[in-house]
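What follows is one structure encoded as structure tokens, with my remarks underneath.
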Amino acid sequence: MTELPHTRTRTAHWLATAAALAAVLGGTALLRPATATPAPAGTDRAPDPARAHYPLDCGRGATKPEVLDSASADFDADGATETVAVVRCRAHGGTPPSAVYVLAGSTADRSPRLAATLVEQREGMSVQDLGVRGTTVSATLLGYSSAEVPRCCPDRHRKVKWEWDEGKFALRPGPVAGGGVRV
């Protein structure tokens with residue numbers, strides 16, 4: 001059986017295919033929508049939560065608050081990454097309350113600014129399992145049913161989510177697990 005002349009590949013065919021592919025890929029790299037603009041310098045990195053100043057009341061002579069956890073995302077789709085940070089005062093015993101802040105606008109010469117507060121220190125919560133998926137922040141809040149409950153052992157918990165919606169974070173509490181185990 002003989003092969004048809006147009007079914008045999010030659011070096012010239014491969015070179016023509018490679019050149020056409022390179023032209024298409026090169027053209028798409030150069031073309032972009034008219035509304036596209038480059039991100040401002042210094043906004044492509046997530047703000048460092050260790051450089052932020054937090055409005056926590058840690059008492060007299062207290063050291064800088066500690067960052068327990070953090071995660072980053074571009075919540076408002078502006079091309080700049082924001083950081084969500086769980087922070088608390090340092091303590092030698094018990095579990096001091098946590099706070100959750102969203103940080104933005106970090107540059108090499110400026111500390112990040114607080115863009116949003118998701119959990120305030122005065123609420124008396126501990127925060128665990130921080131996560132970010134897309135524009136949603138999730139966490140587990142731990143709390144106490146009364147002042148008699150030791151601060152080492154929270155007896156209430158609830159999974160929550162904050163979803164970026166129309167320029168702000170909206171709290172979406174999860175279902176209450178079992179009777180009386182809520183925050």
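By convention here, the chains of the structure tokens are called A, B, ... in the order presented, each chain's residues are numbered starting at 1, and ligands are numbered starting at 1 in the order presented.
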Mind the document's chain letters and residue numbers, and return as a ChimeraX atom specification the residues of stretch 104-173 of chain A that DSSP labels strand (DSSP E).
/A:104,113-119,126-133,136-143,156-165,168-173
Determine, counting only C-alpha atoms, which protein, DNA and RNA residues have an atom within 10 Å of an atom of stretch 46-55 of chain A; residues of the same chain fewer than 6 positions away are not included. Present the result as a tab-separated table (two decimals) with N, CA and C atoms, in the first residue's frame.
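Below is the file around.tsv, written as the result:
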```
chain	number	residue	atom	x	y	z
A	64	LYS	N	4.11	43.51	71.80
A	64	LYS	CA	3.34	43.59	70.56
A	64	LYS	C	2.42	42.36	70.44
A	65	PRO	N	1.20	42.54	69.93
A	65	PRO	CA	0.31	41.38	69.75
A	65	PRO	C	0.95	40.33	68.85
A	66	GLU	N	0.54	39.09	69.06
A	66	GLU	CA	1.06	38.01	68.23
A	66	GLU	C	0.06	37.63	67.15
A	67	VAL	N	0.59	37.33	65.97
A	67	VAL	CA	-0.22	36.88	64.84
A	67	VAL	C	-0.30	35.36	64.93
A	68	LEU	N	-1.52	34.85	65.09
A	68	LEU	CA	-1.71	33.40	65.23
A	68	LEU	C	-1.86	32.71	63.89
A	69	ASP	N	-2.48	33.38	62.94
A	69	ASP	CA	-2.74	32.76	61.63
A	69	ASP	C	-3.02	33.87	60.63
A	70	SER	N	-2.80	33.56	59.36
A	70	SER	CA	-3.12	34.54	58.31
A	70	SER	C	-3.34	33.82	56.99
A	71	ALA	N	-4.06	34.48	56.11
A	71	ALA	CA	-4.33	33.98	54.76
A	71	ALA	C	-4.56	35.18	53.86
A	72	SER	N	-4.34	35.01	52.56
A	72	SER	CA	-4.43	36.15	51.64
A	72	SER	C	-5.27	35.85	50.42
A	73	ALA	N	-5.86	36.91	49.86
A	73	ALA	CA	-6.64	36.84	48.62
A	73	ALA	C	-6.89	38.25	48.15
A	74	ASP	N	-7.29	38.39	46.90
A	74	ASP	CA	-7.72	39.69	46.36
A	74	ASP	C	-9.24	39.72	46.44
A	80	ALA	N	-4.85	44.04	43.90
A	80	ALA	CA	-4.00	44.07	45.09
A	80	ALA	C	-4.48	43.01	46.07
A	81	THR	N	-3.55	42.27	46.62
A	81	THR	CA	-3.89	41.20	47.55
A	81	THR	C	-4.08	41.76	48.96
A	82	GLU	N	-5.11	41.29	49.64
A	82	GLU	CA	-5.35	41.64	51.04
A	82	GLU	C	-4.98	40.43	51.90
A	83	THR	N	-4.71	40.68	53.19
A	83	THR	CA	-4.37	39.62	54.13
A	83	THR	C	-5.37	39.63	55.28
A	84	VAL	N	-5.84	38.46	55.66
A	84	VAL	CA	-6.69	38.30	56.83
A	84	VAL	C	-5.78	37.77	57.94
A	85	ALA	N	-5.80	38.41	59.11
A	85	ALA	CA	-4.92	38.01	60.20
A	85	ALA	C	-5.71	37.79	61.49
A	86	VAL	N	-5.39	36.69	62.18
A	86	VAL	CA	-5.93	36.41	63.51
A	86	VAL	C	-4.83	36.81	64.50
A	87	VAL	N	-5.14	37.76	65.38
A	87	VAL	CA	-4.14	38.26	66.34
A	87	VAL	C	-4.72	38.25	67.75
A	88	ARG	N	-3.82	38.26	68.73
A	88	ARG	CA	-4.23	38.36	70.12
A	88	ARG	C	-3.05	38.88	70.93
A	99	ALA	N	-8.72	38.61	67.73
A	99	ALA	CA	-9.38	39.54	66.83
A	99	ALA	C	-9.00	39.12	65.42
A	100	VAL	N	-9.86	39.44	64.46
A	100	VAL	CA	-9.59	39.12	63.06
A	100	VAL	C	-9.70	40.40	62.26
A	101	TYR	N	-8.63	40.73	61.54
A	101	TYR	CA	-8.56	41.95	60.75
A	101	TYR	C	-8.21	41.62	59.30
A	102	VAL	N	-8.69	42.47	58.39
A	102	VAL	CA	-8.30	42.40	56.99
A	102	VAL	C	-7.35	43.56	56.75
A	103	LEU	N	-6.18	43.25	56.21
A	103	LEU	CA	-5.14	44.25	55.97
A	103	LEU	C	-5.01	44.53	54.48
A	104	ALA	N	-4.70	45.77	54.15
A	104	ALA	CA	-4.52	46.16	52.74
A	104	ALA	C	-3.45	47.22	52.65
A	105	GLY	N	-3.02	47.51	51.42
A	105	GLY	CA	-2.17	48.65	51.14
A	105	GLY	C	-0.78	48.61	51.70
A	106	SER	N	-0.14	47.48	51.70
A	106	SER	CA	1.21	47.39	52.21
A	106	SER	C	2.22	47.73	51.12
A	107	THR	N	3.23	48.50	51.48
A	107	THR	CA	4.35	48.77	50.58
A	107	THR	C	5.62	48.57	51.39
A	108	ALA	N	6.75	48.65	50.73
A	108	ALA	CA	8.02	48.43	51.41
A	108	ALA	C	8.27	49.45	52.51
A	110	ARG	N	5.71	51.37	54.09
A	110	ARG	CA	4.52	51.62	54.93
A	110	ARG	C	4.00	50.32	55.50
A	111	SER	N	3.50	50.38	56.72
A	111	SER	CA	2.88	49.18	57.28
A	111	SER	C	1.47	49.06	56.70
A	112	PRO	N	0.92	47.86	56.71
A	112	PRO	CA	-0.42	47.66	56.16
A	112	PRO	C	-1.46	48.44	56.96
A	113	ARG	N	-2.53	48.84	56.27
A	113	ARG	CA	-3.63	49.52	56.96
A	113	ARG	C	-4.74	48.51	57.24
A	114	LEU	N	-5.52	48.78	58.29
A	114	LEU	CA	-6.66	47.93	58.61
A	114	LEU	C	-7.81	48.29	57.68
A	120	GLU	N	-13.84	41.44	66.85
A	120	GLU	CA	-13.18	42.39	67.74
A	120	GLU	C	-12.74	41.68	69.01
A	121	GLN	N	-11.67	42.17	69.61
A	121	GLN	CA	-11.13	41.61	70.84
A	121	GLN	C	-12.17	41.62	71.96
```
A:Gly167, A:Gly131, A:Gly79, A:Pro154 ranked by distance to A:Pro96, top pick (using only C-alpha atoms)
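Ranking A:Gly167, A:Gly131, A:Gly79, A:Pro154 by distance to A:Pro96, first place goes to A:Pro154.
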Residues within 7 Å of A:Cys152, only C-alpha atoms, excluding chain neighbours under 2 positions, as number ranges by chain:
A: 94-95, 150, 154
Just to be explicit: take each residue in the selection above, keep N, CA, C and O atoms, and write the result as a short mmCIF file (atom, residue, chain, number, x, y, z; two decimals), in the first residue's frame.
```
data_model
loop_
_atom_site.label_atom_id
_atom_site.label_comp_id
_atom_site.auth_asym_id
_atom_site.auth_seq_id
_atom_site.Cartn_x
_atom_site.Cartn_y
_atom_site.Cartn_z
N GLY A 94 -3.99 30.96 80.39
CA GLY A 94 -5.33 31.13 79.83
C GLY A 94 -5.27 31.38 78.33
O GLY A 94 -4.23 31.23 77.69
N THR A 95 -6.40 31.73 77.77
CA THR A 95 -6.48 32.00 76.34
C THR A 95 -7.05 33.40 76.15
O THR A 95 -8.25 33.61 76.31
N PRO A 150 -13.58 28.19 82.73
CA PRO A 150 -12.15 28.52 82.66
C PRO A 150 -11.75 28.98 81.26
O PRO A 150 -12.22 28.43 80.26
N PRO A 154 -12.95 26.74 76.18
CA PRO A 154 -14.21 27.29 75.67
C PRO A 154 -15.28 26.20 75.53
O PRO A 154 -14.98 25.07 75.15
#
```
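Interatomic distance, atom CA of A:Gln128 to atom CA of A:Arg151: 15.1 Å.
Atom CA of A:His157 is found 11.7 Å from atom CA of A:Asp129.
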Could you check the closest approach to A:Asp165 for each of A:Thr135, A:Ser126, A:Ser146, A:Cys89 and tell me which residue wins, using only C-alpha atoms?
A:Thr135
Using only C-alpha atoms, can you tell me which of A:Val160, A:Ala77, A:Leu56, A:Ala115 comes closest to A:Ser138?
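Once distances to A:Ser138 are computed over only C-alpha atoms, the minimum belongs to A:Val160.
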